[in-house]
>>> print(open('start16.txt').read())   # compact mmCIF, C-alpha atoms
# COMPACT_ATOMS: atom_id res chain seq x y z
CA MET E 1 0.00 0.00 0.00
CA THR E 2 2.77 2.40 0.89
CA GLU E 3 4.26 2.01 -2.57
CA THR E 4 1.45 3.69 -4.44
CA VAL E 5 2.03 7.03 -2.81
CA GLY E 6 3.10 9.61 -5.35
CA LYS E 7 1.98 7.55 -8.29
CA GLY E 8 -1.61 8.55 -7.83
CA GLY E 9 -3.33 5.78 -9.70
CA GLU E 10 -4.38 6.68 -13.22
CA ASN E 11 -3.22 10.07 -14.32
CA LYS E 12 -4.76 11.22 -17.57
CA GLY E 13 -2.67 11.12 -20.71
CA ALA E 14 -0.03 8.70 -19.52
CA GLY E 15 -2.86 6.65 -18.06
CA ARG E 16 -2.06 3.22 -19.35
CA ARG E 17 -3.09 0.71 -16.78
CA ALA E 18 -0.56 -1.91 -15.79
CA ILE E 19 -1.52 -5.07 -17.59
CA PRO E 20 -1.70 -7.99 -15.12
CA TRP E 21 0.80 -10.19 -16.93
CA LEU E 22 1.20 -12.59 -14.06
CA LEU E 23 -2.54 -13.14 -13.89
CA LEU E 24 -2.83 -13.63 -17.66
CA ALA E 25 0.06 -16.08 -17.79
CA ARG E 26 -1.34 -17.95 -14.79
CA LEU E 27 -4.79 -18.25 -16.33
CA ALA E 28 -3.44 -19.35 -19.71
CA LEU E 29 -1.11 -21.95 -18.24
CA GLY E 30 -3.67 -23.13 -15.69
CA GLY E 31 -6.27 -23.50 -18.43
CA ILE E 32 -3.88 -25.51 -20.59
CA PHE E 33 -3.04 -27.83 -17.71
CA ILE E 34 -6.67 -28.40 -16.76
CA TYR E 35 -7.67 -28.98 -20.38
CA SER E 36 -4.83 -31.40 -21.04
CA SER E 37 -5.50 -33.41 -17.90
CA ALA E 38 -9.10 -34.24 -18.81
CA ASP E 39 -8.51 -36.66 -21.67
CA LYS E 40 -5.69 -38.40 -19.81
CA ILE E 41 -7.91 -38.91 -16.77
CA LEU E 42 -10.67 -40.38 -18.92
CA HIS E 43 -8.41 -42.78 -20.82
CA PRO E 44 -5.52 -43.91 -18.59
CA GLY E 45 -4.71 -46.86 -20.85
CA ASP E 46 -4.15 -44.66 -23.88
CA PHE E 47 -2.07 -42.25 -21.84
CA ALA E 48 0.06 -45.08 -20.47
CA ARG E 49 0.73 -46.15 -24.06
CA ALA E 50 1.75 -42.59 -24.88
CA VAL E 51 4.15 -42.52 -21.92
CA TYR E 52 5.55 -45.84 -23.10
CA ASN E 53 6.02 -44.46 -26.61
CA TYR E 54 8.41 -41.83 -25.28
CA GLN E 55 10.69 -44.67 -24.14
CA ILE E 56 12.18 -42.65 -21.33
CA LEU E 57 10.69 -43.95 -18.08
CA PRO E 58 11.58 -47.44 -16.88
CA ARG E 59 8.76 -49.83 -17.76
CA ALA E 60 7.85 -50.43 -14.12
CA LEU E 61 7.06 -46.73 -13.62
CA ILE E 62 5.01 -46.15 -16.76
CA ASN E 63 1.59 -46.94 -15.32
CA LEU E 64 2.19 -45.09 -12.05
CA ALA E 65 3.22 -42.01 -14.00
CA ALA E 66 0.18 -42.35 -16.23
CA ILE E 67 -2.04 -42.57 -13.15
CA ALA E 68 -0.52 -39.72 -11.14
CA LEU E 69 0.46 -37.19 -13.78
CA PRO E 70 -3.00 -36.18 -15.03
CA TRP E 71 -4.23 -35.51 -11.50
CA ALA E 72 -1.11 -33.57 -10.62
CA GLU E 73 -1.71 -31.52 -13.77
CA LEU E 74 -5.30 -30.87 -12.79
CA ALA E 75 -4.26 -29.80 -9.28
CA LEU E 76 -1.55 -27.57 -10.74
CA GLY E 77 -3.99 -26.01 -13.17
CA LEU E 78 -6.44 -25.24 -10.39
CA CYS E 79 -3.67 -23.77 -8.21
CA LEU E 80 -2.45 -21.58 -11.07
CA VAL E 81 -5.93 -20.31 -11.82
CA THR E 82 -6.98 -19.68 -8.22
CA GLY E 83 -3.61 -18.59 -6.88
CA VAL E 84 -3.69 -21.11 -4.04
CA TRP E 85 -0.17 -22.42 -3.29
CA LEU E 86 1.11 -20.34 -6.18
CA PRO E 87 4.83 -20.70 -5.37
CA GLY E 88 4.60 -24.48 -5.31
CA ALA E 89 2.46 -24.58 -8.43
CA ALA E 90 4.83 -22.23 -10.28
CA LEU E 91 7.85 -24.36 -9.35
CA PHE E 92 6.19 -27.69 -10.17
CA THR E 93 4.76 -26.37 -13.43
CA ASN E 94 8.17 -25.27 -14.61
CA LEU E 95 9.76 -28.57 -13.63
CA LEU E 96 7.09 -30.48 -15.58
CA LEU E 97 7.30 -28.23 -18.63
CA TRP E 98 11.06 -28.61 -18.78
CA ALA E 99 10.75 -32.38 -18.35
CA PHE E 100 8.22 -32.57 -21.21
CA PHE E 101 10.40 -30.39 -23.40
CA ALA E 102 13.48 -32.49 -22.68
CA ALA E 103 11.54 -35.68 -23.42
CA LEU E 104 10.44 -34.33 -26.79
CA LEU E 105 13.90 -33.08 -27.60
CA VAL E 106 15.53 -36.41 -26.72
CA ASN E 107 13.13 -38.23 -29.02
CA GLN E 108 13.57 -35.72 -31.80
CA VAL E 109 17.31 -36.38 -31.62
CA ARG E 110 16.81 -40.16 -31.39
CA GLY E 111 14.43 -39.99 -34.35
CA ILE E 112 11.56 -41.60 -32.51
CA ASP E 113 8.07 -40.56 -33.52
CA VAL E 114 6.34 -40.12 -30.17
CA HIS E 115 2.99 -40.75 -31.80
CA CYS E 116 3.63 -44.39 -32.49
CA GLY E 117 6.87 -44.93 -30.58
CA CYS E 118 8.46 -45.81 -33.91
CA PHE E 119 11.34 -44.36 -35.85
CA SER E 120 10.61 -41.87 -38.57
CA SER E 121 13.89 -41.82 -40.42
CA ARG E 122 12.81 -39.11 -42.77
CA PRO E 123 9.64 -37.14 -42.29
CA ASP E 124 6.89 -37.63 -44.82
CA PRO E 125 6.98 -34.54 -47.04
CA ALA E 126 3.18 -34.61 -47.09
CA SER E 127 2.87 -34.38 -43.33
CA PRO E 128 5.70 -32.70 -41.42
CA PRO E 129 6.79 -34.45 -38.24
CA PRO E 130 4.51 -33.63 -35.32
CA THR E 131 7.48 -33.60 -32.97
CA ALA E 132 8.80 -30.38 -34.51
CA TRP E 133 5.44 -28.71 -34.01
CA TYR E 134 5.27 -30.04 -30.43
CA LEU E 135 8.66 -28.47 -29.75
CA VAL E 136 7.44 -25.09 -30.98
CA ARG E 137 4.25 -25.37 -28.96
CA ASP E 138 6.17 -26.42 -25.85
CA SER E 139 8.48 -23.45 -26.26
CA VAL E 140 5.45 -21.20 -25.91
CA PHE E 141 4.43 -23.08 -22.77
CA LEU E 142 7.97 -22.70 -21.43
CA LEU E 143 7.80 -18.96 -21.99
CA LEU E 144 4.51 -18.80 -20.11
CA GLY E 145 5.91 -20.94 -17.31
CA GLY E 146 9.07 -18.89 -17.17
CA SER E 147 7.15 -15.64 -16.89
CA VAL E 148 5.06 -17.01 -14.03
CA PHE E 149 8.20 -18.22 -12.29
CA PHE E 150 9.87 -14.86 -12.82
CA ARG E 151 6.97 -12.91 -11.39
CA VAL E 152 6.44 -15.25 -8.46
CA PHE E 153 10.04 -15.72 -7.36
CA LEU E 154 12.23 -13.03 -8.82
CA LYS E 155 10.08 -10.00 -9.13
CA PRO E 156 7.13 -10.23 -6.80
CA ARG E 157 4.94 -7.15 -6.94
CA ALA E 158 1.36 -6.07 -6.64
CA GLY E 159 0.05 -6.11 -3.10
CA LYS E 160 2.41 -7.57 -0.54
CA ASN E 161 5.03 -5.01 0.29
CA ALA E 162 7.16 -5.61 -2.74
CA SER E 163 10.60 -4.41 -1.86
CA PRO E 164 12.13 -2.80 -4.92
CA ALA E 165 15.43 -2.54 -3.11
CA ALA E 166 15.75 -6.28 -3.19
CA ASP E 167 16.66 -6.39 -6.84
CA GLY E 168 18.31 -3.03 -6.88
CA GLN E 169 15.75 -1.31 -9.03
CA THR E 170 14.31 2.09 -8.36
CA PRO E 171 10.60 2.25 -7.73
CA PRO E 172 9.62 4.35 -10.77
CA SER E 173 11.18 2.06 -13.32
CA GLU E 174 9.56 -0.89 -11.70
CA GLU E 175 6.23 0.82 -11.80
CA GLN E 176 6.49 1.45 -15.51
CA SER E 177 7.97 -1.79 -16.68
CA PRO E 178 4.66 -3.35 -17.77
CA CYS E 179 4.49 -0.81 -20.60
CA LEU E 180 7.65 -2.27 -22.04
CA ASP E 181 5.93 -5.59 -22.50
CA GLY E 182 3.08 -4.06 -24.44
CA MET U 1 9.05 -8.15 8.29
CA SER U 2 9.57 -11.78 7.40
CA GLU U 3 10.95 -11.02 3.98
CA GLY U 4 13.18 -14.03 4.11
CA PHE U 5 16.71 -14.50 2.96
CA VAL U 6 17.33 -13.28 -0.56
CA MET U 7 20.01 -14.78 -2.78
CA TYR U 8 20.52 -13.91 -6.44
CA GLY U 9 17.14 -12.21 -6.24
CA LEU U 10 15.55 -15.46 -5.09
CA ASN U 11 13.68 -15.45 -1.84
CA ILE U 12 15.01 -18.61 -0.24
CA ARG U 13 12.25 -18.96 2.29
CA LYS U 14 9.67 -18.65 -0.44
CA LEU U 15 11.50 -21.20 -2.54
CA GLY U 16 11.57 -23.62 0.39
CA ARG U 17 7.85 -23.21 0.83
CA ALA U 18 7.42 -23.78 -2.91
CA VAL U 19 9.41 -27.03 -2.79
CA PHE U 20 7.20 -28.27 0.04
CA GLN U 21 4.04 -27.31 -1.83
CA ALA U 22 5.24 -28.85 -5.07
CA ALA U 23 6.01 -32.13 -3.32
CA ALA U 24 2.58 -32.05 -1.69
CA LEU U 25 0.92 -31.45 -5.07
CA ALA U 26 2.81 -34.40 -6.58
CA LEU U 27 1.71 -36.66 -3.73
CA LEU U 28 -1.82 -35.35 -4.07
CA GLY U 29 -1.80 -36.28 -7.76
CA LEU U 30 -0.49 -39.76 -6.97
CA GLY U 31 -3.02 -40.29 -4.16
CA ILE U 32 -6.08 -39.12 -6.06
CA GLY U 33 -4.89 -40.87 -9.21
CA MET U 34 -4.48 -44.23 -7.47
CA LEU U 35 -7.82 -43.88 -5.71
CA VAL U 36 -9.72 -42.94 -8.86
CA ASN U 37 -7.93 -45.60 -10.88
CA ARG U 38 -9.33 -48.29 -8.59
CA PHE U 39 -12.86 -47.41 -9.54
CA HIS U 40 -12.20 -46.25 -13.08
CA PRO U 41 -13.97 -48.37 -15.73
CA GLU U 42 -10.77 -48.20 -17.80
CA GLY U 43 -8.47 -48.53 -14.78
CA ILE U 44 -4.97 -49.89 -15.36
CA PRO U 45 -2.68 -51.99 -13.12
CA LEU U 46 -0.22 -49.94 -11.06
CA VAL U 47 2.68 -51.83 -12.56
CA ALA U 48 2.33 -53.48 -15.96
CA ASP U 49 4.54 -55.67 -18.09
CA TRP U 50 5.32 -53.52 -21.12
CA SER U 51 7.43 -56.07 -22.97
CA PRO U 52 6.24 -56.79 -26.54
CA GLU U 53 5.61 -60.44 -25.63
CA ALA U 54 3.19 -59.43 -22.89
CA ARG U 55 1.49 -56.75 -24.94
CA LEU U 56 0.83 -59.19 -27.77
CA ARG U 57 -0.36 -62.08 -25.66
CA ASP U 58 -3.67 -63.45 -26.82
CA ALA U 59 -6.46 -65.03 -24.81
CA SER U 60 -4.94 -68.51 -25.01
CA GLY U 61 -1.67 -67.29 -23.49
CA GLY U 62 0.35 -67.50 -26.70
CA THR U 63 2.15 -64.46 -28.01
CA MET U 64 2.12 -63.05 -31.53
CA VAL U 65 5.78 -62.09 -31.24
CA LEU U 66 7.94 -63.88 -33.79
CA PRO U 67 11.71 -64.28 -33.23
CA ILE U 68 13.85 -62.91 -36.06
CA GLU U 69 15.38 -66.35 -36.70
CA LYS U 70 11.95 -67.78 -37.34
CA ALA U 71 11.08 -64.87 -39.62
CA VAL U 72 14.22 -65.57 -41.67
CA GLU U 73 13.22 -69.23 -41.96
CA PHE U 74 9.80 -68.22 -43.21
CA TYR U 75 11.41 -65.83 -45.66
CA GLU U 76 13.83 -68.36 -47.09
CA ALA U 77 11.18 -71.06 -47.42
CA ARG U 78 8.70 -68.50 -48.78
CA GLU U 79 6.24 -69.70 -46.21
CA ALA U 80 4.94 -66.34 -45.05
CA PHE U 81 3.68 -63.03 -46.36
CA PHE U 82 5.60 -60.10 -44.94
CA VAL U 83 3.49 -57.04 -44.21
CA ASP U 84 5.12 -53.62 -43.82
CA ALA U 85 3.06 -51.42 -41.49
CA ARG U 86 5.16 -48.27 -41.89
CA PRO U 87 4.12 -45.22 -43.91
CA ALA U 88 4.28 -45.75 -47.69
CA HIS U 89 7.24 -43.42 -48.20
CA GLU U 90 9.34 -45.42 -45.75
CA TYR U 91 8.32 -48.62 -47.51
CA ALA U 92 9.50 -47.09 -50.78
CA GLU U 93 12.90 -46.33 -49.27
CA GLY U 94 13.46 -49.98 -48.50
CA HIS U 95 11.58 -53.04 -47.26
CA VAL U 96 11.75 -56.81 -46.93
CA PRO U 97 11.68 -58.16 -50.50
CA GLY U 98 8.16 -59.05 -51.51
CA ALA U 99 6.60 -57.44 -48.46
CA LEU U 100 3.12 -56.00 -48.82
CA CYS U 101 2.76 -52.30 -48.13
CA VAL U 102 -0.05 -51.77 -45.62
CA PRO U 103 0.56 -48.53 -43.70
CA TRP U 104 -1.44 -48.80 -40.50
CA GLN U 105 -2.27 -45.09 -40.54
CA GLU U 106 -4.00 -45.46 -43.94
CA VAL U 107 -5.08 -49.08 -43.59
CA ASP U 108 -8.46 -48.52 -45.28
CA GLU U 109 -6.80 -47.57 -48.55
CA TYR U 110 -4.50 -50.57 -48.63
CA LEU U 111 -6.71 -53.27 -47.20
CA ASP U 112 -8.33 -54.37 -50.47
CA ALA U 113 -4.95 -55.06 -52.05
CA LEU U 114 -3.98 -57.18 -49.06
CA LEU U 115 -7.21 -59.17 -49.12
CA GLU U 116 -6.71 -59.81 -52.81
CA LYS U 117 -3.12 -60.95 -52.50
CA VAL U 118 -3.69 -63.07 -49.42
CA PRO U 119 -7.04 -64.80 -49.86
CA ASP U 120 -6.09 -67.69 -47.58
CA THR U 121 -6.95 -66.83 -43.98
CA ASN U 122 -4.61 -69.58 -42.79
CA ALA U 123 -1.61 -67.96 -44.43
CA ILE U 124 1.20 -66.81 -42.15
CA LEU U 125 1.45 -63.02 -41.99
CA VAL U 126 4.61 -61.44 -40.55
CA VAL U 127 3.87 -57.82 -39.70
CA TYR U 128 6.73 -55.44 -38.98
CA CYS U 129 7.59 -51.79 -38.55
CA ASP U 130 10.62 -50.07 -37.02
CA GLY U 131 11.56 -49.49 -33.40
CA GLU U 132 11.00 -51.73 -30.42
CA ALA U 133 8.07 -49.69 -29.16
CA CYS U 134 6.55 -49.22 -32.58
CA ALA U 135 2.82 -49.69 -32.30
CA LEU U 136 2.06 -49.71 -36.03
CA SER U 137 2.80 -53.40 -36.51
CA GLU U 138 1.07 -54.37 -33.28
CA ASP U 139 -2.10 -52.47 -34.09
CA LEU U 140 -2.14 -53.80 -37.64
CA ALA U 141 -1.54 -57.36 -36.44
CA VAL U 142 -4.45 -57.20 -34.01
CA PHE U 143 -6.59 -55.70 -36.76
CA LEU U 144 -5.68 -58.46 -39.23
CA LYS U 145 -6.44 -61.07 -36.62
CA ASP U 146 -9.86 -59.54 -36.15
CA MET U 147 -10.27 -59.64 -39.93
CA GLY U 148 -10.05 -63.42 -39.73
CA TYR U 149 -6.39 -64.19 -40.41
CA VAL U 150 -5.40 -66.92 -37.99
CA ASN U 151 -1.60 -66.88 -38.21
CA VAL U 152 -0.60 -63.27 -37.69
CA LYS U 153 2.86 -62.67 -36.22
CA VAL U 154 4.71 -59.52 -35.23
CA LEU U 155 8.42 -59.12 -35.93
CA VAL U 156 9.35 -56.64 -33.18
CA ASN U 157 11.69 -53.86 -34.33
CA GLY U 158 11.51 -55.70 -37.62
CA TRP U 159 13.02 -53.29 -40.08
CA THR U 160 16.09 -52.52 -37.92
CA GLU U 161 16.59 -56.21 -37.15
CA TRP U 162 16.31 -57.12 -40.80
CA ARG U 163 18.66 -54.46 -42.05
CA THR U 164 21.33 -54.79 -39.37
CA ARG U 165 21.59 -58.52 -40.08
CA GLY U 166 22.32 -57.79 -43.70
CA TRP U 167 19.31 -59.50 -45.22
CA PRO U 168 18.27 -58.45 -48.71
CA VAL U 169 16.44 -55.19 -49.12
CA GLU U 170 14.09 -54.18 -51.89
CA ARG U 171 13.38 -50.57 -52.87
CA GLY U 172 10.53 -48.84 -54.64
CA ALA U 173 6.94 -47.99 -53.96
CA ALA U 174 4.16 -50.52 -53.78
CA GLU U 175 2.57 -51.50 -57.09
CA GLY U 176 -0.43 -49.30 -56.50
CA LYS U 177 -2.50 -48.76 -53.48
CA GLY U 178 -5.95 -50.17 -53.45
CA ALA U 179 -5.45 -51.55 -56.95
>>> encode(input="start16.txt", output="structure tokens")
Amino acid sequence: MTETVGKGGENKGAGRRAIPWLLLARLALGGIFIYSSADKILHPGDFARAVYNYQILPRALINLAAIALPWAELALGLCLVTGVWLPGAALFTNLLLWAFFAALLVNQVRGIDVHCGCFSSRPDPASPPPTAWYLVRDSVFLLLGGSVFFRVFLKPRAGKNASPAADGQTPPSEEQSPCLDG
Amino acid sequence: MSEGFVMYGLNIRKLGRAVFQAAALALLGLGIGMLVNRFHPEGIPLVADWSPEARLRDASGGTMVLPIEKAVEFYEAREAFFVDARPAHEYAEGHVPGALCVPWQEVDEYLDALLEKVPDTNAILVVYCDGEACALSEDLAVFLKDMGYVNVKVLVNGWTEWRTRGWPVERGAAEGKGA
């Protein structure tokens, strides 16, 4: 509360409101996690096969991962959306996203098509390899996850007495930084 | 002011709390998942045997998996039809000589040709694709069995096994799909 002194809320002219990037990134990421958990929860057998196709986990752990992961994703999604346990959710989300990305990357390098668990020596010119598209898509997720992590751990603001001194920045520049993103 | 101990801009106390919460969320996922799985109509065993032999075990306890040595015997005696389940362009790049091209992902378009060339439902069919986890051959084999073929076998990791052992390879596209 003490921070807003002197800034005076919206002043006309320069009155661009700070866009709530953290909230937007949280909602987007939370929505994605909730959405992606649904199908896996409904069809555990299919998901287990998908986990197997990645050929990364030891066979004994495949089913346990297929059972636990969708529910963890759902819980994470709910935490991200509601803000409950946000630090834990932000940390876990980033760990998962990096794990998924690494798994895709490993299989791209090994030449394994994660769709069928088979090798695709050379991609069909008619249909480009889905793995490449997955990597692009996951990069977007990583960016979202990274921004949530950044805002939660490195640059907390909004509300709780954010201490600008902690990262050596002066209050005004911190106040205006959202405009740089837009 | 319990701001915590800050290092490299990271609030250590907050991070510690986050680690605890993340672990709790993981356990929560495992707990709920195991509980729901018990009552799920499509529930799966907690630990399953993912070996090809187990995956391709039929009701009578036999497995559709065919050892490579046996496949070579079939090939040399011309006792079996080889069926390539990989995409058509991979078939064109090289396949077991005489193998039929039946890409699982477009099976509808290639099925008629197969039925025409293999009218005998007692014929031995050796289905293969590439990679030990490759599901194309397994799915196609189960499909062909359902179609009425009695002797369907799967040569696991077939293409790699075949090539690395130096067996003959034939190139070129299939004669014409669906024709």
>>> atom_distance(input="start16.txt", atom1="CA of Trp159 in chain U", atom2="CA of Val107 in chain U")
18.9 Å
>>> residues_around(input="start16.txt", residues="Arg163 in chain U", least_positions_apart="5", cutoff="12 Å", atoms="only C-alpha atoms", output="PyMOL selection string")
chain U and resi 68+72+94-97+129-130+157-158+168-170
>>> closest_residue(input="start16.txt", among="U:Gly29, U:Gly16, U:Gly61, U:Pro103", to="Ala72 in chain E", atoms="all atoms listed in the file")
U:Gly29
>>> atom_distance(input="start16.txt", atom1="CA of Ala103 in chain E", atom2="CA of Ile56 in chain E")
7.3 Å
>>> closest_residue(input="start16.txt", among="E:Arg59, E:Arg17, E:Arg49, E:Arg26", to="chain U", atoms="only C-alpha atoms")
E:Arg59
>>> interface_residues(input="start16.txt", of="chain U", to="chain E", cutoff="8 Å", atoms="all atoms listed in the file", output="JSON, numbers by chain")
{"U": [6, 9, 10, 11, 14, 15, 17, 18, 19, 20, 21, 22, 25, 26, 28, 29, 30, 31, 32, 33, 34, 37, 42, 43, 44, 45, 46, 47, 48, 49, 50, 89, 90, 129, 130, 131, 132, 133, 134, 135, 136]}
>>> atom_distance(input="start16.txt", atom1="CA of Ser36 in chain E", atom2="CA of Pro41 in chain U")
20.0 Å
>>> closest_residue(input="start16.txt", among="U:Val154, U:Ala88, U:Val83, U:Val127", to="Leu66 in chain U", atoms="only C-alpha atoms")
U:Val154
>>> closest_residue(input="start16.txt", among="U:Glu161, U:Lys70, U:Ile124, U:Ser137", to="Pro52 in chain U", atoms="all atoms listed in the file")
U:Ser137
>>> axis_aligned_box(input="start16.txt", around="range 31-41 of chain E", padding_each_side="8 Å", output="lines of an AutoDock Vina configuration file")
center_x = -6.1
center_y = -31.2
center_z = -19.2
size_x = 22.1
size_y = 31.4
size_z = 20.9
>>> closest_residue(input="start16.txt", among="U:Glu53, U:Asp112, U:Glu106, U:Glu79", to="Leu125 in chain U", atoms="only C-alpha atoms")
U:Glu79
>>> residues_around(input="start16.txt", residues="Asp58 in chain U", least_positions_apart="4", cutoff="12 Å", atoms="all atoms listed in the file", output="MDAnalysis selection string")
chainID U and resid 52:54 62:65 141:142 145:146 150 152:153
